[in-house]
Amino acid sequence: MKRRPLPLNALRAFEVAGRLESFTKASHELNVTQGAVSRQVQHLEDVLGRKLFDRQHRSLKLTRAGRNLLLGLTPAFDAIEQTVAKVEDRADDTQLRVLAPLTFSMRWIVPRLGRFQMEHPDLQVQLGTYNDDKAPVDFNETDIAIRFADIQDEQLVHEFLTGERLLPVCHPNLAKQLKNPEDLGDVTLLHCSASREDWRIWLAETGIKGVDADRGPVFATLDMAMEAAASGFGVVISDPAMIGEYVVTNRLTVPFNLPVDSPYAYSLCYPEGRLERRKVRAFRNWLMAEIRLETERRKLAQKD
């Protein structure tokens with residue numbers, strides 16, 4: 001069957017603009033100017049003879065025809081991307097681009113990454129980090145991502161990795177001054193977010209009274225806050241899985257073994273069909289195996 005000529009660039013521009021409801025955001029995703037997106041959409045409207053957007057002041061709304069077109073285009077472009085991804089699985093494609101939270105990268109991935117490299121010496125990992133958990137991931141620039149407190153996206157696969165456990169940690173010298181949990185009210189509390197949520201969660205779940213979670217300095221990252229705690233500045237809430245190096249070097253310890261399960265977790269995130277790529281599948285399987293080993297190690301430690 002002979003196919004009719006289609007304005008593919010215009011269809012692509014419309015799909016992104018319709019999905020994001022913004023010419024500006026669409027221009028960022030497509031790496032073109034806002035004017036170029038607008039012209040492509042106008043061209044598509046001329047070809048179809050239908051208005052696809054209601055252009056209002058500082059807003060963009062799909063018309064009924066636009067909504068119907070978008071419902072068909074988005075899964076069609078997803079299917080094309082998945083098909084191309086399968087063809088792209090080349091033997092010479094050895095650059096693996098991984099994105100993960102800063103502290104998780106430094107305290108969890110990096111100490112174990114040598115094992116992955118030994119198992120897959122032909123793959124070259126490019127490990128990128130981020131601090132903003134709400135920022136979207138550009139999977140045109142990233143093969144696979146580790147997300148914290150992830151928001152589900154129907155266009156992506158989300159695999160649970162590990163939960164987060166919360167415990168207070170501080171320098172051993174400061175820990176000696178803390179006889180009971182209520183003594184935390186007399187020392188500096190360190191925070192890794194302006195919401196001070198970690199301390200709020202831990203205090204609420206343990207039922208400890210007389211400790212004000214609103215006081216104490218705030219740091220840009222958990223890693224910075226842990227460094228401050230390791231210097232003796234105060235006490236920070238952290239996941240035990242993130243403090244291994246500090247414990248070995250006697251720079252941090254847990255003054256009160258009162259673990260609390262965080263409502264948040266780490267997950268592995270990637271587009272549908274991405275596991276067709278050998279390098280992505282290899283990293284996913286390795287990471288899952290490492291998580292299982294760490295989980296078993298924790299269970300054995302708790303029994304002891």
# chains A, B, ... in the order shown; residues from 1 in each chain; ligands from 1
>>> residues_around(residues="segment 100-108 of chain A", least_positions_apart="5", cutoff="9 Å", atoms="only C-alpha atoms", output="list in words")
Leu113, Leu127, Gly128, Thr129, Tyr130, Asn131, Asp132, Asp133, Ile144, Ala145, Ile146, Arg147, Phe148, Thr221, Leu222, Asp223, Ala241, Met242, Ile243, Gly244 and Glu245 of chain A
>>> write_last_selection(atoms="N, CA and C atoms", output="mmCIF file, in the first residue's frame")
data_model
loop_
_atom_site.group_PDB
_atom_site.id
_atom_site.type_symbol
_atom_site.label_atom_id
_atom_site.label_comp_id
_atom_site.auth_asym_id
_atom_site.auth_seq_id
_atom_site.Cartn_x
_atom_site.Cartn_y
_atom_site.Cartn_z
ATOM 1 N N LEU A 113 31.108 0.324 42.048
ATOM 2 C CA LEU A 113 31.171 0.412 40.587
ATOM 3 C C LEU A 113 32.312 -0.400 39.997
ATOM 4 N N LEU A 127 28.756 8.502 34.918
ATOM 5 C CA LEU A 127 27.845 8.661 36.048
ATOM 6 C C LEU A 127 27.580 10.135 36.295
ATOM 7 N N GLY A 128 26.343 10.531 36.068
ATOM 8 C CA GLY A 128 25.928 11.902 36.327
ATOM 9 C C GLY A 128 25.095 11.964 37.593
ATOM 10 N N THR A 129 25.015 13.141 38.213
ATOM 11 C CA THR A 129 24.274 13.295 39.466
ATOM 12 C C THR A 129 23.315 14.480 39.385
ATOM 13 N N TYR A 130 22.380 14.505 40.323
ATOM 14 C CA TYR A 130 21.442 15.627 40.420
ATOM 15 C C TYR A 130 21.066 15.819 41.886
ATOM 16 N N ASN A 131 20.555 17.004 42.192
ATOM 17 C CA ASN A 131 20.108 17.316 43.554
ATOM 18 C C ASN A 131 18.601 17.507 43.653
ATOM 19 N N ASP A 132 17.970 17.900 42.547
ATOM 20 C CA ASP A 132 16.540 18.188 42.552
ATOM 21 C C ASP A 132 15.764 16.930 42.176
ATOM 22 N N ASP A 133 15.097 16.328 43.165
ATOM 23 C CA ASP A 133 14.372 15.077 42.916
ATOM 24 C C ASP A 133 13.162 15.268 41.997
ATOM 25 N N ILE A 144 19.734 5.319 31.650
ATOM 26 C CA ILE A 144 18.959 4.773 32.763
ATOM 27 C C ILE A 144 19.194 5.666 33.981
ATOM 28 N N ALA A 145 18.174 5.805 34.818
ATOM 29 C CA ALA A 145 18.272 6.731 35.949
ATOM 30 C C ALA A 145 17.811 6.073 37.240
ATOM 31 N N ILE A 146 18.411 6.509 38.330
ATOM 32 C CA ILE A 146 17.962 6.135 39.665
ATOM 33 C C ILE A 146 17.288 7.361 40.259
ATOM 34 N N ARG A 147 16.061 7.190 40.693
ATOM 35 C CA ARG A 147 15.280 8.322 41.189
ATOM 36 C C ARG A 147 14.928 8.106 42.661
ATOM 37 N N PHE A 148 14.765 9.207 43.383
ATOM 38 C CA PHE A 148 14.351 9.155 44.785
ATOM 39 C C PHE A 148 13.017 9.871 44.900
ATOM 40 N N THR A 221 22.870 19.448 50.242
ATOM 41 C CA THR A 221 22.809 18.007 49.986
ATOM 42 C C THR A 221 23.018 17.243 51.292
ATOM 43 N N LEU A 222 22.586 15.983 51.285
ATOM 44 C CA LEU A 222 22.819 15.125 52.439
ATOM 45 C C LEU A 222 24.310 14.908 52.636
ATOM 46 N N ASP A 223 25.069 14.829 51.562
ATOM 47 C CA ASP A 223 26.502 14.613 51.678
ATOM 48 C C ASP A 223 27.175 15.757 52.441
ATOM 49 N N ALA A 241 22.787 2.879 55.104
ATOM 50 C CA ALA A 241 23.482 2.413 53.899
ATOM 51 C C ALA A 241 24.412 3.475 53.329
ATOM 52 N N MET A 242 24.234 4.732 53.749
ATOM 53 C CA MET A 242 25.028 5.832 53.197
ATOM 54 C C MET A 242 26.230 6.202 54.064
ATOM 55 N N ILE A 243 26.395 5.563 55.222
ATOM 56 C CA ILE A 243 27.433 6.035 56.143
ATOM 57 C C ILE A 243 28.551 5.019 56.369
ATOM 58 N N GLY A 244 28.595 3.972 55.543
ATOM 59 C CA GLY A 244 29.579 2.906 55.752
ATOM 60 C C GLY A 244 31.006 3.395 55.870
ATOM 61 N N GLU A 245 31.447 4.245 54.953
ATOM 62 C CA GLU A 245 32.823 4.749 54.971
ATOM 63 C C GLU A 245 33.086 5.574 56.229
#
>>> select_by_dssp(residues="segment 70-115 of chain A", states="strand (DSSP E or B)", output="number ranges by chain")
A: 95-101
>>> residues_around(residues="segment 60-75 of chain A", least_positions_apart="4", cutoff="12 Å", atoms="only C-alpha atoms", output="PyMOL selection string")
chain A and resi 8+10-26+38+41+44-45+48-56+79-82+154-155+272
>>> closest_residue(among="A:Ser27, A:Gln42, A:Ser267, A:Gln95", to="Glu141 of chain A", atoms="only C-alpha atoms")
A:Gln95
>>> atom_distance(atom1="atom CA of Leu189 of chain A", atom2="atom CA of Glu164 of chain A")
19.5 Å
>>> select_by_dssp(residues="segment 41-93 of chain A", states="helix (DSSP H, G or I)", output="NGL selection string")
:A and (41-48 or 64-87)
>>> residues_around(residues="Cys192 of chain A", least_positions_apart="6", cutoff="9 Å", atoms="only C-alpha atoms", output="PDB file with N, CA, C and O atoms, in the first residue's frame")
ATOM      1  N   ASP A 198      13.239  15.053  57.174  1.00  0.00           N
ATOM      2  CA  ASP A 198      13.803  13.836  57.754  1.00  0.00           C
ATOM      3  C   ASP A 198      13.688  13.838  59.278  1.00  0.00           C
ATOM      4  O   ASP A 198      13.305  12.827  59.892  1.00  0.00           O
ATOM      5  N   PRO A 217      21.008  24.399  61.031  1.00  0.00           N
ATOM      6  CA  PRO A 217      21.341  24.819  59.666  1.00  0.00           C
ATOM      7  C   PRO A 217      20.880  23.822  58.603  1.00  0.00           C
ATOM      8  O   PRO A 217      20.733  22.629  58.864  1.00  0.00           O
ATOM      9  N   VAL A 218      20.658  24.363  57.404  1.00  0.00           N
ATOM     10  CA  VAL A 218      20.230  23.554  56.260  1.00  0.00           C
ATOM     11  C   VAL A 218      21.344  23.519  55.219  1.00  0.00           C
ATOM     12  O   VAL A 218      21.932  24.554  54.894  1.00  0.00           O
ATOM     13  N   PHE A 219      21.631  22.336  54.689  1.00  0.00           N
ATOM     14  CA  PHE A 219      22.664  22.162  53.671  1.00  0.00           C
ATOM     15  C   PHE A 219      22.020  21.770  52.343  1.00  0.00           C
ATOM     16  O   PHE A 219      20.919  21.230  52.312  1.00  0.00           O
ATOM     17  N   ALA A 220      22.732  22.035  51.261  1.00  0.00           N
ATOM     18  CA  ALA A 220      22.187  21.779  49.922  1.00  0.00           C
ATOM     19  C   ALA A 220      22.022  20.295  49.633  1.00  0.00           C
ATOM     20  O   ALA A 220      21.147  19.899  48.860  1.00  0.00           O
ATOM     21  N   THR A 221      22.870  19.448  50.242  1.00  0.00           N
ATOM     22  CA  THR A 221      22.809  18.007  49.986  1.00  0.00           C
ATOM     23  C   THR A 221      23.018  17.243  51.292  1.00  0.00           C
ATOM     24  O   THR A 221      23.589  17.766  52.250  1.00  0.00           O
ATOM     25  N   LEU A 222      22.586  15.983  51.285  1.00  0.00           N
ATOM     26  CA  LEU A 222      22.819  15.125  52.439  1.00  0.00           C
ATOM     27  C   LEU A 222      24.310  14.908  52.636  1.00  0.00           C
ATOM     28  O   LEU A 222      24.787  14.820  53.776  1.00  0.00           O
ATOM     29  N   ASP A 223      25.069  14.829  51.562  1.00  0.00           N
ATOM     30  CA  ASP A 223      26.502  14.613  51.678  1.00  0.00           C
ATOM     31  C   ASP A 223      27.175  15.757  52.441  1.00  0.00           C
ATOM     32  O   ASP A 223      28.050  15.523  53.280  1.00  0.00           O
ATOM     33  N   MET A 224      26.751  16.982  52.167  1.00  0.00           N
ATOM     34  CA  MET A 224      27.291  18.134  52.895  1.00  0.00           C
ATOM     35  C   MET A 224      26.915  18.059  54.368  1.00  0.00           C
ATOM     36  O   MET A 224      27.739  18.333  55.256  1.00  0.00           O
ATOM     37  N   ALA A 225      25.670  17.693  54.649  1.00  0.00           N
ATOM     38  CA  ALA A 225      25.217  17.600  56.032  1.00  0.00           C
ATOM     39  C   ALA A 225      25.963  16.512  56.793  1.00  0.00           C
ATOM     40  O   ALA A 225      26.312  16.674  57.971  1.00  0.00           O
ATOM     41  N   MET A 226      26.269  15.383  56.114  1.00  0.00           N
ATOM     42  CA  MET A 226      27.018  14.313  56.773  1.00  0.00           C
ATOM     43  C   MET A 226      28.456  14.736  57.042  1.00  0.00           C
ATOM     44  O   MET A 226      29.030  14.368  58.064  1.00  0.00           O
ATOM     45  N   VAL A 236      22.766  14.540  62.226  1.00  0.00           N
ATOM     46  CA  VAL A 236      21.977  14.538  61.003  1.00  0.00           C
ATOM     47  C   VAL A 236      21.221  13.218  60.899  1.00  0.00           C
ATOM     48  O   VAL A 236      21.659  12.192  61.443  1.00  0.00           O
ATOM     49  N   ILE A 237      20.089  13.254  60.212  1.00  0.00           N
ATOM     50  CA  ILE A 237      19.337  12.028  59.930  1.00  0.00           C
ATOM     51  C   ILE A 237      19.838  11.463  58.604  1.00  0.00           C
ATOM     52  O   ILE A 237      19.899  12.180  57.597  1.00  0.00           O
TER      53      ILE A 237
END
>>> atom_distance(atom1="atom CA of Val187 of chain A", atom2="atom CA of Asp212 of chain A")
10.4 Å
>>> atom_distance(atom1="atom CA of Arg281 of chain A", atom2="atom CA of Glu296 of chain A")
22.8 Å
>>> closest_residue(among="A:Val260, A:Ile201, A:Leu30, A:Val137", to="Arg97 of chain A", atoms="only C-alpha atoms")
A:Val137
>>> residues_around(residues="Leu156 of chain A", least_positions_apart="4", cutoff="8 Å", atoms="only C-alpha atoms", output="PDB file with C-alpha atoms, in the first residue's frame")
ATOM      1  CA  GLN A 152       5.110   7.618  38.382  1.00  0.00           C
ATOM      2  CA  CYS A 269      13.637   4.441  35.855  1.00  0.00           C
ATOM      3  CA  TYR A 270      13.931   4.047  32.074  1.00  0.00           C
ATOM      4  CA  PRO A 271      11.764   4.282  28.933  1.00  0.00           C
ATOM      5  CA  GLU A 272       9.800   1.292  27.677  1.00  0.00           C
TER       6      GLU A 272
END
>>> residues_around(residues="Gly185 of chain A", least_positions_apart="6", cutoff="12 Å", atoms="only C-alpha atoms", output="MDAnalysis selection string")
chainID A and resid 178:179 199 203 208:216 234:235
>>> closest_residue(among="A:Lys299, A:His120, A:His43, A:Arg165", to="Tyr266 of chain A", atoms="only C-alpha atoms")
A:Arg165
>>> residues_around(residues="Val169 of chain A", least_positions_apart="4", cutoff="10 Å", atoms="only C-alpha atoms", output="number ranges by chain")
A: 174-175, 226, 229-230, 234-240, 243, 247, 251-257
>>> write_last_selection(atoms="N, CA, C and O atoms", output="PDB file, in the first residue's frame")
ATOM      1  N   LEU A 174      30.592  13.348  70.042  1.00  0.00           N
ATOM      2  CA  LEU A 174      29.301  13.951  70.366  1.00  0.00           C
ATOM      3  C   LEU A 174      28.331  12.884  70.866  1.00  0.00           C
ATOM      4  O   LEU A 174      27.521  13.141  71.773  1.00  0.00           O
ATOM      5  N   ALA A 175      28.419  11.689  70.304  1.00  0.00           N
ATOM      6  CA  ALA A 175      27.528  10.603  70.725  1.00  0.00           C
ATOM      7  C   ALA A 175      27.692  10.278  72.209  1.00  0.00           C
ATOM      8  O   ALA A 175      26.727   9.914  72.887  1.00  0.00           O
ATOM      9  N   MET A 226      26.269  15.383  56.114  1.00  0.00           N
ATOM     10  CA  MET A 226      27.018  14.313  56.773  1.00  0.00           C
ATOM     11  C   MET A 226      28.456  14.736  57.042  1.00  0.00           C
ATOM     12  O   MET A 226      29.030  14.368  58.064  1.00  0.00           O
ATOM     13  N   ALA A 229      28.330  16.760  60.108  1.00  0.00           N
ATOM     14  CA  ALA A 229      28.177  15.897  61.284  1.00  0.00           C
ATOM     15  C   ALA A 229      29.493  15.202  61.619  1.00  0.00           C
ATOM     16  O   ALA A 229      29.864  15.069  62.789  1.00  0.00           O
ATOM     17  N   ALA A 230      30.213  14.767  60.592  1.00  0.00           N
ATOM     18  CA  ALA A 230      31.484  14.077  60.814  1.00  0.00           C
ATOM     19  C   ALA A 230      32.538  14.997  61.423  1.00  0.00           C
ATOM     20  O   ALA A 230      33.491  14.529  62.043  1.00  0.00           O
ATOM     21  N   GLY A 234      27.147  18.626  64.567  1.00  0.00           N
ATOM     22  CA  GLY A 234      25.817  18.309  65.075  1.00  0.00           C
ATOM     23  C   GLY A 234      25.389  16.908  64.676  1.00  0.00           C
ATOM     24  O   GLY A 234      26.218  16.051  64.347  1.00  0.00           O
ATOM     25  N   VAL A 235      24.080  16.699  64.679  1.00  0.00           N
ATOM     26  CA  VAL A 235      23.500  15.383  64.385  1.00  0.00           C
ATOM     27  C   VAL A 235      22.634  15.501  63.143  1.00  0.00           C
ATOM     28  O   VAL A 235      21.843  16.443  63.010  1.00  0.00           O
ATOM     29  N   VAL A 236      22.766  14.540  62.226  1.00  0.00           N
ATOM     30  CA  VAL A 236      21.977  14.538  61.003  1.00  0.00           C
ATOM     31  C   VAL A 236      21.221  13.218  60.899  1.00  0.00           C
ATOM     32  O   VAL A 236      21.659  12.192  61.443  1.00  0.00           O
ATOM     33  N   ILE A 237      20.089  13.254  60.212  1.00  0.00           N
ATOM     34  CA  ILE A 237      19.337  12.028  59.930  1.00  0.00           C
ATOM     35  C   ILE A 237      19.838  11.463  58.604  1.00  0.00           C
ATOM     36  O   ILE A 237      19.899  12.180  57.597  1.00  0.00           O
ATOM     37  N   SER A 238      20.195  10.179  58.593  1.00  0.00           N
ATOM     38  CA  SER A 238      20.709   9.566  57.375  1.00  0.00           C
ATOM     39  C   SER A 238      20.281   8.110  57.299  1.00  0.00           C
ATOM     40  O   SER A 238      19.839   7.521  58.294  1.00  0.00           O
ATOM     41  N   ASP A 239      20.415   7.549  56.103  1.00  0.00           N
ATOM     42  CA  ASP A 239      20.194   6.120  55.901  1.00  0.00           C
ATOM     43  C   ASP A 239      21.485   5.394  56.262  1.00  0.00           C
ATOM     44  O   ASP A 239      22.563   5.787  55.798  1.00  0.00           O
ATOM     45  N   PRO A 240      21.439   4.329  57.080  1.00  0.00           N
ATOM     46  CA  PRO A 240      22.656   3.585  57.443  1.00  0.00           C
ATOM     47  C   PRO A 240      23.461   3.119  56.227  1.00  0.00           C
ATOM     48  O   PRO A 240      24.690   3.002  56.299  1.00  0.00           O
ATOM     49  N   ILE A 243      26.395   5.563  55.222  1.00  0.00           N
ATOM     50  CA  ILE A 243      27.433   6.035  56.143  1.00  0.00           C
ATOM     51  C   ILE A 243      28.551   5.019  56.369  1.00  0.00           C
ATOM     52  O   ILE A 243      29.373   5.188  57.271  1.00  0.00           O
ATOM     53  N   VAL A 247      31.636   5.226  59.139  1.00  0.00           N
ATOM     54  CA  VAL A 247      31.706   4.342  60.307  1.00  0.00           C
ATOM     55  C   VAL A 247      33.063   3.648  60.365  1.00  0.00           C
ATOM     56  O   VAL A 247      33.684   3.549  61.440  1.00  0.00           O
ATOM     57  N   ARG A 251      34.316   8.275  61.933  1.00  0.00           N
ATOM     58  CA  ARG A 251      33.930   9.680  61.857  1.00  0.00           C
ATOM     59  C   ARG A 251      32.449   9.881  62.160  1.00  0.00           C
ATOM     60  O   ARG A 251      32.024  10.980  62.496  1.00  0.00           O
ATOM     61  N   LEU A 252      31.662   8.819  62.011  1.00  0.00           N
ATOM     62  CA  LEU A 252      30.235   8.879  62.337  1.00  0.00           C
ATOM     63  C   LEU A 252      29.827   7.607  63.062  1.00  0.00           C
ATOM     64  O   LEU A 252      30.383   6.537  62.821  1.00  0.00           O
ATOM     65  N   THR A 253      28.823   7.761  63.909  1.00  0.00           N
ATOM     66  CA  THR A 253      28.253   6.610  64.601  1.00  0.00           C
ATOM     67  C   THR A 253      26.777   6.872  64.844  1.00  0.00           C
ATOM     68  O   THR A 253      26.293   8.007  64.685  1.00  0.00           O
ATOM     69  N   VAL A 254      26.050   5.832  65.237  1.00  0.00           N
ATOM     70  CA  VAL A 254      24.618   5.951  65.512  1.00  0.00           C
ATOM     71  C   VAL A 254      24.432   6.005  67.023  1.00  0.00           C
ATOM     72  O   VAL A 254      24.646   5.001  67.713  1.00  0.00           O
ATOM     73  N   PRO A 255      24.034   7.162  67.575  1.00  0.00           N
ATOM     74  CA  PRO A 255      23.906   7.263  69.030  1.00  0.00           C
ATOM     75  C   PRO A 255      22.715   6.491  69.591  1.00  0.00           C
ATOM     76  O   PRO A 255      22.765   5.998  70.718  1.00  0.00           O
ATOM     77  N   PHE A 256      21.638   6.390  68.795  1.00  0.00           N
ATOM     78  CA  PHE A 256      20.427   5.685  69.252  1.00  0.00           C
ATOM     79  C   PHE A 256      19.921   4.811  68.115  1.00  0.00           C
ATOM     80  O   PHE A 256      19.583   5.300  67.045  1.00  0.00           O
ATOM     81  N   ASN A 257      19.880   3.511  68.342  1.00  0.00           N
ATOM     82  CA  ASN A 257      19.469   2.579  67.308  1.00  0.00           C
ATOM     83  C   ASN A 257      17.942   2.502  67.257  1.00  0.00           C
ATOM     84  O   ASN A 257      17.326   1.525  67.690  1.00  0.00           O
TER      85      ASN A 257
END
>>> decode(residues="segment 28-38 of chain A", atoms="all heavy atoms", output="PDB file, in the first residue's frame")
ATOM      1  N   HIS A  28      12.417  23.374  24.054  1.00  0.00           N
ATOM      2  CA  HIS A  28      13.528  22.855  24.850  1.00  0.00           C
ATOM      3  C   HIS A  28      13.736  21.365  24.586  1.00  0.00           C
ATOM      4  O   HIS A  28      14.871  20.896  24.453  1.00  0.00           O
ATOM      5  CB  HIS A  28      13.266  23.090  26.337  1.00  0.00           C
ATOM      6  CG  HIS A  28      13.252  24.532  26.713  1.00  0.00           C
ATOM      7  ND1 HIS A  28      12.669  25.006  27.870  1.00  0.00           N
ATOM      8  CD2 HIS A  28      13.740  25.628  26.076  1.00  0.00           C
ATOM      9  CE1 HIS A  28      12.814  26.316  27.935  1.00  0.00           C
ATOM     10  NE2 HIS A  28      13.448  26.721  26.857  1.00  0.00           N
ATOM     11  N   GLU A  29      12.643  20.615  24.498  1.00  0.00           N
ATOM     12  CA  GLU A  29      12.773  19.173  24.263  1.00  0.00           C
ATOM     13  C   GLU A  29      13.289  18.877  22.858  1.00  0.00           C
ATOM     14  O   GLU A  29      14.068  17.934  22.664  1.00  0.00           O
ATOM     15  CB  GLU A  29      11.422  18.481  24.473  1.00  0.00           C
ATOM     16  CG  GLU A  29      11.482  16.981  24.246  1.00  0.00           C
ATOM     17  CD  GLU A  29      10.235  16.246  24.724  1.00  0.00           C
ATOM     18  OE1 GLU A  29       9.678  16.631  25.781  1.00  0.00           O
ATOM     19  OE2 GLU A  29       9.814  15.293  24.041  1.00  0.00           O
ATOM     20  N   LEU A  30      12.878  19.696  21.904  1.00  0.00           N
ATOM     21  CA  LEU A  30      13.262  19.444  20.512  1.00  0.00           C
ATOM     22  C   LEU A  30      14.552  20.161  20.113  1.00  0.00           C
ATOM     23  O   LEU A  30      15.043  19.975  18.998  1.00  0.00           O
ATOM     24  CB  LEU A  30      12.128  19.901  19.584  1.00  0.00           C
ATOM     25  CG  LEU A  30      10.811  19.107  19.696  1.00  0.00           C
ATOM     26  CD1 LEU A  30       9.713  19.798  18.915  1.00  0.00           C
ATOM     27  CD2 LEU A  30      10.998  17.681  19.220  1.00  0.00           C
ATOM     28  N   ASN A  31      15.067  20.994  21.023  1.00  0.00           N
ATOM     29  CA  ASN A  31      16.302  21.749  20.750  1.00  0.00           C
ATOM     30  C   ASN A  31      16.160  22.656  19.527  1.00  0.00           C
ATOM     31  O   ASN A  31      17.058  22.727  18.672  1.00  0.00           O
ATOM     32  CB  ASN A  31      17.493  20.797  20.565  1.00  0.00           C
ATOM     33  CG  ASN A  31      17.860  20.085  21.852  1.00  0.00           C
ATOM     34  OD1 ASN A  31      17.903  20.685  22.923  1.00  0.00           O
ATOM     35  ND2 ASN A  31      18.096  18.791  21.761  1.00  0.00           N
ATOM     36  N   VAL A  32      15.031  23.318  19.440  1.00  0.00           N
ATOM     37  CA  VAL A  32      14.803  24.319  18.389  1.00  0.00           C
ATOM     38  C   VAL A  32      14.218  25.562  19.049  1.00  0.00           C
ATOM     39  O   VAL A  32      13.963  25.586  20.254  1.00  0.00           O
ATOM     40  CB  VAL A  32      13.832  23.788  17.303  1.00  0.00           C
ATOM     41  CG1 VAL A  32      14.417  22.576  16.599  1.00  0.00           C
ATOM     42  CG2 VAL A  32      12.464  23.442  17.898  1.00  0.00           C
ATOM     43  N   THR A  33      13.989  26.604  18.281  1.00  0.00           N
ATOM     44  CA  THR A  33      13.411  27.822  18.843  1.00  0.00           C
ATOM     45  C   THR A  33      11.902  27.671  19.023  1.00  0.00           C
ATOM     46  O   THR A  33      11.269  26.825  18.389  1.00  0.00           O
ATOM     47  CB  THR A  33      13.685  29.033  17.941  1.00  0.00           C
ATOM     48  OG1 THR A  33      12.990  28.845  16.696  1.00  0.00           O
ATOM     49  CG2 THR A  33      15.177  29.195  17.681  1.00  0.00           C
ATOM     50  N   GLN A  34      11.359  28.515  19.890  1.00  0.00           N
ATOM     51  CA  GLN A  34       9.912  28.508  20.102  1.00  0.00           C
ATOM     52  C   GLN A  34       9.190  28.859  18.801  1.00  0.00           C
ATOM     53  O   GLN A  34       8.146  28.289  18.479  1.00  0.00           O
ATOM     54  CB  GLN A  34       9.541  29.509  21.194  1.00  0.00           C
ATOM     55  CG  GLN A  34       8.046  29.580  21.479  1.00  0.00           C
ATOM     56  CD  GLN A  34       7.720  30.590  22.559  1.00  0.00           C
ATOM     57  OE1 GLN A  34       8.581  31.022  23.297  1.00  0.00           O
ATOM     58  NE2 GLN A  34       6.459  30.986  22.636  1.00  0.00           N
ATOM     59  N   GLY A  35       9.766  29.794  18.036  1.00  0.00           N
ATOM     60  CA  GLY A  35       9.163  30.181  16.766  1.00  0.00           C
ATOM     61  C   GLY A  35       9.106  29.034  15.778  1.00  0.00           C
ATOM     62  O   GLY A  35       8.133  28.896  15.026  1.00  0.00           O
ATOM     63  N   ALA A  36      10.143  28.189  15.791  1.00  0.00           N
ATOM     64  CA  ALA A  36      10.162  27.041  14.880  1.00  0.00           C
ATOM     65  C   ALA A  36       9.043  26.060  15.214  1.00  0.00           C
ATOM     66  O   ALA A  36       8.387  25.522  14.318  1.00  0.00           O
ATOM     67  CB  ALA A  36      11.517  26.350  14.950  1.00  0.00           C
ATOM     68  N   VAL A  37       8.809  25.826  16.502  1.00  0.00           N
ATOM     69  CA  VAL A  37       7.714  24.946  16.916  1.00  0.00           C
ATOM     70  C   VAL A  37       6.375  25.521  16.476  1.00  0.00           C
ATOM     71  O   VAL A  37       5.519  24.827  15.923  1.00  0.00           O
ATOM     72  CB  VAL A  37       7.726  24.735  18.443  1.00  0.00           C
ATOM     73  CG1 VAL A  37       6.507  23.921  18.876  1.00  0.00           C
ATOM     74  CG2 VAL A  37       9.003  24.041  18.879  1.00  0.00           C
ATOM     75  N   SER A  38       6.199  26.833  16.720  1.00  0.00           N
ATOM     76  CA  SER A  38       4.942  27.493  16.363  1.00  0.00           C
ATOM     77  C   SER A  38       4.680  27.409  14.861  1.00  0.00           C
ATOM     78  O   SER A  38       3.552  27.134  14.423  1.00  0.00           O
ATOM     79  CB  SER A  38       4.989  28.958  16.811  1.00  0.00           C
ATOM     80  OG  SER A  38       3.776  29.614  16.470  1.00  0.00           O
TER      81      SER A  38
END
